[in-house]
$ cat work-v7.txt   # compact mmCIF, C-alpha atoms
# COMPACT_ATOMS: atom_id res chain seq x y z
CA MET A 643 96.75 123.04 82.28
CA ALA A 644 97.78 119.40 81.82
CA ASP A 645 97.93 118.48 78.14
CA TYR A 646 98.69 114.80 78.76
CA VAL A 647 96.48 112.39 80.71
CA VAL A 648 97.33 108.89 81.90
CA GLY A 649 94.45 106.56 82.70
CA LEU A 650 95.19 104.34 85.71
CA THR A 651 93.15 101.19 86.22
CA GLY A 652 93.21 97.78 87.87
CA GLY A 653 90.93 95.21 89.39
CA VAL A 654 89.34 95.52 92.80
CA ALA A 655 91.93 95.31 95.62
CA SER A 656 94.84 95.62 93.19
CA GLY A 657 96.34 98.51 95.14
CA LYS A 658 95.31 101.42 92.93
CA SER A 659 94.97 103.79 95.89
CA GLU A 660 98.48 103.01 97.12
CA VAL A 661 99.83 103.80 93.67
CA THR A 662 97.87 107.04 93.23
CA ARG A 663 98.96 108.27 96.67
CA ARG A 664 102.56 107.95 95.52
CA PHE A 665 101.89 109.89 92.32
CA GLU A 666 100.20 112.62 94.36
CA ALA A 667 103.24 112.78 96.67
CA LEU A 668 105.27 113.58 93.55
CA GLY A 669 102.99 116.53 92.76
CA VAL A 670 100.78 114.84 90.17
CA THR A 671 97.07 115.65 90.09
CA VAL A 672 94.96 112.49 90.34
CA ALA A 673 91.31 112.67 89.31
CA ASP A 674 89.70 109.74 91.12
CA ALA A 675 86.64 108.10 89.56
CA ASP A 676 85.50 106.83 92.97
CA LEU A 677 85.45 110.37 94.35
CA ALA A 678 83.81 111.66 91.17
CA ALA A 679 81.15 108.95 91.56
CA ARG A 680 80.37 110.23 95.06
CA ASP A 681 79.98 113.76 93.73
CA ALA A 682 77.80 112.48 90.89
CA VAL A 683 75.28 111.01 93.36
CA ALA A 684 75.58 113.50 96.21
CA VAL A 685 72.47 114.56 98.08
CA GLY A 686 70.51 116.98 95.90
CA SER A 687 72.21 115.89 92.67
CA SER A 688 70.44 114.90 89.49
CA GLY A 689 72.33 111.61 89.62
CA LEU A 690 70.84 110.64 92.98
CA ALA A 691 67.36 111.64 91.82
CA GLU A 692 67.74 109.40 88.77
CA ILE A 693 68.88 106.47 90.92
CA VAL A 694 65.82 106.83 93.16
CA ALA A 695 63.60 106.95 90.09
CA ALA A 696 65.18 103.73 88.82
CA PHE A 697 65.54 101.77 92.07
CA GLY A 698 63.03 103.27 94.48
CA ALA A 699 63.38 104.91 97.88
CA GLU A 700 65.11 101.82 99.27
CA ALA A 701 68.23 103.05 97.48
CA LEU A 702 68.48 105.78 100.12
CA ALA A 703 69.93 105.69 103.61
CA ALA A 704 68.08 107.25 106.53
CA ASP A 705 69.86 110.59 106.02
CA GLY A 706 68.76 110.82 102.38
CA SER A 707 72.13 109.89 100.91
CA LEU A 708 72.75 106.89 98.70
CA ASP A 709 72.80 103.65 100.69
CA ARG A 710 76.02 102.35 99.16
CA ALA A 711 76.14 99.06 101.04
CA ALA A 712 72.58 98.17 100.05
CA MET A 713 73.17 99.15 96.43
CA ARG A 714 76.39 97.15 96.29
CA ARG A 715 74.61 94.02 97.49
CA ARG A 716 71.84 94.62 94.99
CA VAL A 717 73.89 95.28 91.88
CA PHE A 718 76.45 92.53 92.42
CA ALA A 719 73.59 90.04 92.57
CA ASP A 720 71.80 91.41 89.49
CA ASP A 721 73.60 92.20 86.22
CA ALA A 722 70.69 94.22 84.85
CA ALA A 723 70.57 96.36 87.99
CA ARG A 724 74.30 96.98 87.78
CA ALA A 725 73.97 98.04 84.15
CA ARG A 726 71.17 100.49 85.06
CA LEU A 727 73.23 102.02 87.84
CA GLU A 728 76.33 102.35 85.67
CA ALA A 729 74.31 104.02 82.90
CA ILE A 730 73.33 106.71 85.40
CA VAL A 731 76.65 107.22 87.12
CA HIS A 732 79.37 106.65 84.51
CA PRO A 733 78.61 109.51 82.06
CA ARG A 734 78.62 111.96 84.96
CA VAL A 735 81.89 110.55 86.25
CA ARG A 736 83.56 110.89 82.84
CA GLU A 737 82.61 114.56 82.64
CA LEU A 738 83.97 115.29 86.12
CA LEU A 739 87.22 113.42 85.47
CA GLN A 740 87.90 115.20 82.20
CA ALA A 741 87.25 118.61 83.75
CA THR A 742 89.59 117.90 86.67
CA CYS A 743 92.39 116.65 84.41
CA ALA A 744 92.03 119.56 82.01
CA ALA A 745 92.42 122.04 84.88
CA ALA A 746 95.38 120.25 86.51
CA PRO A 747 98.73 122.02 86.81
CA GLY A 748 101.89 120.29 85.65
CA PRO A 749 102.78 118.48 82.43
CA TYR A 750 100.45 115.54 83.01
CA ALA A 751 97.55 114.32 85.13
CA ILE A 752 96.22 110.91 86.08
CA ALA A 753 92.62 109.74 85.80
CA ALA A 754 92.13 106.79 88.16
CA ILE A 755 89.34 104.73 86.58
CA PRO A 756 88.73 101.29 88.17
CA LEU A 757 86.30 100.23 85.43
CA LEU A 758 88.20 101.56 82.44
CA ALA A 759 88.35 98.17 80.72
CA GLU A 760 84.60 97.76 81.18
CA ALA A 761 83.62 101.20 79.88
CA LEU A 762 81.37 101.33 76.82
CA PRO A 763 81.20 102.03 74.00
CA ALA A 764 84.57 101.19 72.52
CA ARG A 765 85.19 103.29 69.43
CA ASP A 766 87.44 103.05 66.40
CA GLY A 767 88.28 99.43 67.10
CA GLU A 768 90.07 100.18 70.36
CA ALA A 769 90.34 97.40 72.92
CA GLY A 770 88.25 97.51 76.06
CA GLY A 771 86.85 100.85 77.11
CA ARG A 772 89.54 103.25 75.91
CA GLY A 773 87.12 104.51 73.29
CA ALA A 774 84.85 105.83 76.05
CA TYR A 775 87.72 108.08 77.17
CA PRO A 776 89.19 109.46 73.93
CA TRP A 777 91.06 112.14 75.89
CA LEU A 778 93.36 109.57 77.55
CA HIS A 779 96.83 109.45 76.03
CA ARG A 780 98.16 106.39 77.85
CA VAL A 781 96.91 103.62 80.15
CA LEU A 782 98.67 102.23 83.22
CA VAL A 783 97.30 98.94 84.57
CA ILE A 784 97.94 97.91 88.19
CA ASP A 785 98.09 94.15 87.91
CA VAL A 786 97.77 91.41 90.55
CA PRO A 787 96.87 87.71 90.40
CA VAL A 788 93.24 86.89 91.17
CA ASP A 789 94.14 84.96 94.32
CA VAL A 790 95.84 88.09 95.68
CA GLN A 791 92.72 90.15 94.89
CA ARG A 792 90.57 87.64 96.72
CA ALA A 793 92.74 87.55 99.83
CA ARG A 794 92.96 91.35 100.00
CA LEU A 795 89.20 91.75 99.60
CA LEU A 796 88.45 89.35 102.43
CA ALA A 797 90.94 91.07 104.72
CA ARG A 798 90.10 94.65 103.73
CA ASP A 799 86.32 94.67 103.49
CA GLY A 800 85.36 91.94 105.93
CA ILE A 801 83.02 90.42 103.36
CA ASP A 802 82.30 86.75 102.78
CA ALA A 803 83.90 84.69 100.04
CA VAL A 804 80.73 84.62 97.93
CA LEU A 805 80.53 88.41 97.66
CA ALA A 806 84.28 88.63 97.02
CA GLU A 807 83.94 86.25 94.08
CA ARG A 808 80.97 88.21 92.71
CA MET A 809 82.89 91.47 92.92
CA ILE A 810 85.85 90.00 91.04
CA ALA A 811 83.64 88.28 88.46
CA ALA A 812 81.67 91.49 87.83
CA GLN A 813 84.78 93.24 86.54
CA ALA A 814 86.82 92.75 83.40
CA THR A 815 89.23 89.84 83.46
CA ARG A 816 92.91 90.29 84.11
CA ARG A 817 93.57 89.57 80.42
CA GLN A 818 91.06 92.21 79.29
CA ARG A 819 92.71 94.85 81.46
CA LEU A 820 96.18 93.97 80.23
CA ALA A 821 94.93 94.22 76.62
CA ILE A 822 94.42 97.98 77.00
CA ALA A 823 97.67 98.64 78.86
CA ASP A 824 100.55 100.78 77.65
CA ASP A 825 102.31 100.26 80.98
CA VAL A 826 101.88 97.55 83.65
CA LEU A 827 102.82 97.81 87.32
CA VAL A 828 102.70 94.41 89.04
CA ASN A 829 101.67 94.99 92.67
CA ASP A 830 101.89 91.59 94.32
CA GLY A 831 104.79 92.41 96.64
CA PRO A 832 105.47 94.69 99.63
CA LEU A 833 104.15 98.26 99.50
CA ALA A 834 107.66 99.65 99.81
CA ALA A 835 108.44 98.23 96.38
CA LEU A 836 105.93 100.62 94.82
CA ASP A 837 108.02 103.73 95.44
CA ALA A 838 110.69 102.98 92.85
CA HIS A 839 108.12 101.82 90.29
CA VAL A 840 106.07 104.99 90.63
CA GLU A 841 109.11 107.25 90.52
CA ALA A 842 110.24 105.60 87.28
CA LEU A 843 106.80 105.94 85.72
CA ASP A 844 106.56 109.58 86.80
CA ALA A 845 109.89 110.34 85.12
CA ARG A 846 108.72 108.58 81.96
CA TYR A 847 105.40 110.44 81.83
CA ARG A 848 107.00 113.83 82.44
CA ALA A 849 109.42 113.17 79.60
CA ILE A 850 106.68 112.04 77.24
CA ALA A 851 104.36 114.91 78.14
CA THR A 852 106.98 117.57 77.51
CA THR A 853 108.30 116.29 74.19

$ encode --input "work-v7.txt" --output "structure tokens"
Amino acid sequence: MADYVVGLTGGVASGKSEVTRRFEALGVTVADADLAARDAVAVGSSGLAEIVAAFGAEALAADGSLDRAAMRRRVFADDAARARLEAIVHPRVRELLQATCAAAPGPYAIAAIPLLAEALPARDGEAGGRGAYPWLHRVLVIDVPVDVQRARLLARDGIDAVLAERMIAAQATRRQRLAIADDVLVNDGPLAALDAHVEALDARYRAIATT
């Protein structure tokens, strides 16, 4: 059972997946909020039923699963719709993440939470959304300049510039993410540079978790 949990976060297209893959290669359990979100709204789940009740049958694809592309277009154009969706999905995601981390082998686990800085409510005066995850012991922020985010989004997702800007604007600012960081990994260079950074962080976390 892992007694120490590191929250990993970063803006869209910051390279979080590349970083978590490297932690996993070192034997670290990574509980991924994106995967937990899929489980939370899987076909037959209470989460999907609640989304349909809130947004109507047009939230569903032809096979009865959540139409993610349609919902993404909808919520990034409507702040109130995004808030409704997050209120349904996020509490379920938090429960799944905590359970996965608690059951993880090894001295520590990682909870990869893209929207950690946006999470509400903040408690006990903590910055950002750390108060929504009181079981996190430390926060690692994957940091990139906004122009790098924008370029990666356009290349990765094949979306237009307007949607890319909406996706970036819908998240916490770079400054807000850095405000909750205990550690920062700047990922604006080649992928090969990540290996040494992740190995150093892994050594640090293992030392902290076992003291």

$ atom_distance --input "work-v7.txt" --atom1 "CA of Arg780 (chain A)" --atom2 "CA of Ala759 (chain A)"
13.1 Å

$ atom_distance --input "work-v7.txt" --atom1 "CA of Ala797 (chain A)" --atom2 "CA of Val781 (chain A)"
28.2 Å

$ axis_aligned_box --input "work-v7.txt" --around "region 684-694 of chain A" --padding-each-side "8 Å" --output "JSON"
{"center_x": 70.7, "center_y": 111.7, "center_z": 93.4, "size_x": 25.8, "size_y": 26.5, "size_z": 25.3}

$ atom_distance --input "work-v7.txt" --atom1 "CA of Arg816 (chain A)" --atom2 "CA of Ala793 (chain A)"
16.0 Å

$ closest_residue --input "work-v7.txt" --among "A:Arg715, A:Arg724, A:Arg817, A:Lys658" --to "Asp674 (chain A)" --atoms "all atoms listed in the file"
A:Lys658

$ residues_around --input "work-v7.txt" --residues "Val648 (chain A)" --least-positions-apart "6" --cutoff "8 Å" --atoms "all atoms listed in the file" --output "ChimeraX atom specification"
/A:750-753,778-782

$ closest_residue --input "work-v7.txt" --among "A:Val694, A:Ala644, A:Val731, A:Ala814" --to "Asp676 (chain A)" --atoms "only C-alpha atoms"
A:Val731

$ closest_residue --input "work-v7.txt" --among "A:Val826, A:Ala838, A:Ala655, A:Ile755" --to "Met809 (chain A)" --atoms "all atoms listed in the file"
A:Ala655

$ residues_around --input "work-v7.txt" --residues "Gly653 (chain A)" --least-positions-apart "2" --cutoff "10 Å" --atoms "only C-alpha atoms" --output "list in words"
Thr651, Ala655, Ser656, Gly657, Lys658, Pro756, Leu757, Leu758, Ala759, Val783, Ile784, Asp785, Val786, Pro787, Val788, Gln791, Met809, Ile810, Gln813, Ala814, Thr815, Arg816 and Arg819 of chain A

$ closest_residue --input "work-v7.txt" --among "A:Ala673, A:Leu650, A:Val790, A:Val661" --to "Asp837 (chain A)" --atoms "all atoms listed in the file"
A:Val661

$ residues_around --input "work-v7.txt" --residues "region 771-775 of chain A" --least-positions-apart "6" --cutoff "10 Å" --atoms "only C-alpha atoms" --output "ChimeraX atom specification"
/A:649,733,736-737,739-740,757-765,781,818-819,822-823

$ closest_residue --input "work-v7.txt" --among "A:Ala719, A:Ala701, A:Leu843, A:Ala678" --to "Val804 (chain A)" --atoms "only C-alpha atoms"
A:Ala719

$ closest_residue --input "work-v7.txt" --among "A:Val735, A:Ser687, A:Ala712, A:Glu841" --to "Ala675 (chain A)" --atoms "only C-alpha atoms"
A:Val735

$ residues_near_point --input "work-v7.txt" --point "(76.1, 101.2, 90.9)" --cutoff "12 Å" --atoms "only C-alpha atoms" --output "VMD selection string"
chain A and resid 676 679 to 680 682 to 683 689 to 690 692 to 694 696 to 697 701 708 to 732 735 757 812
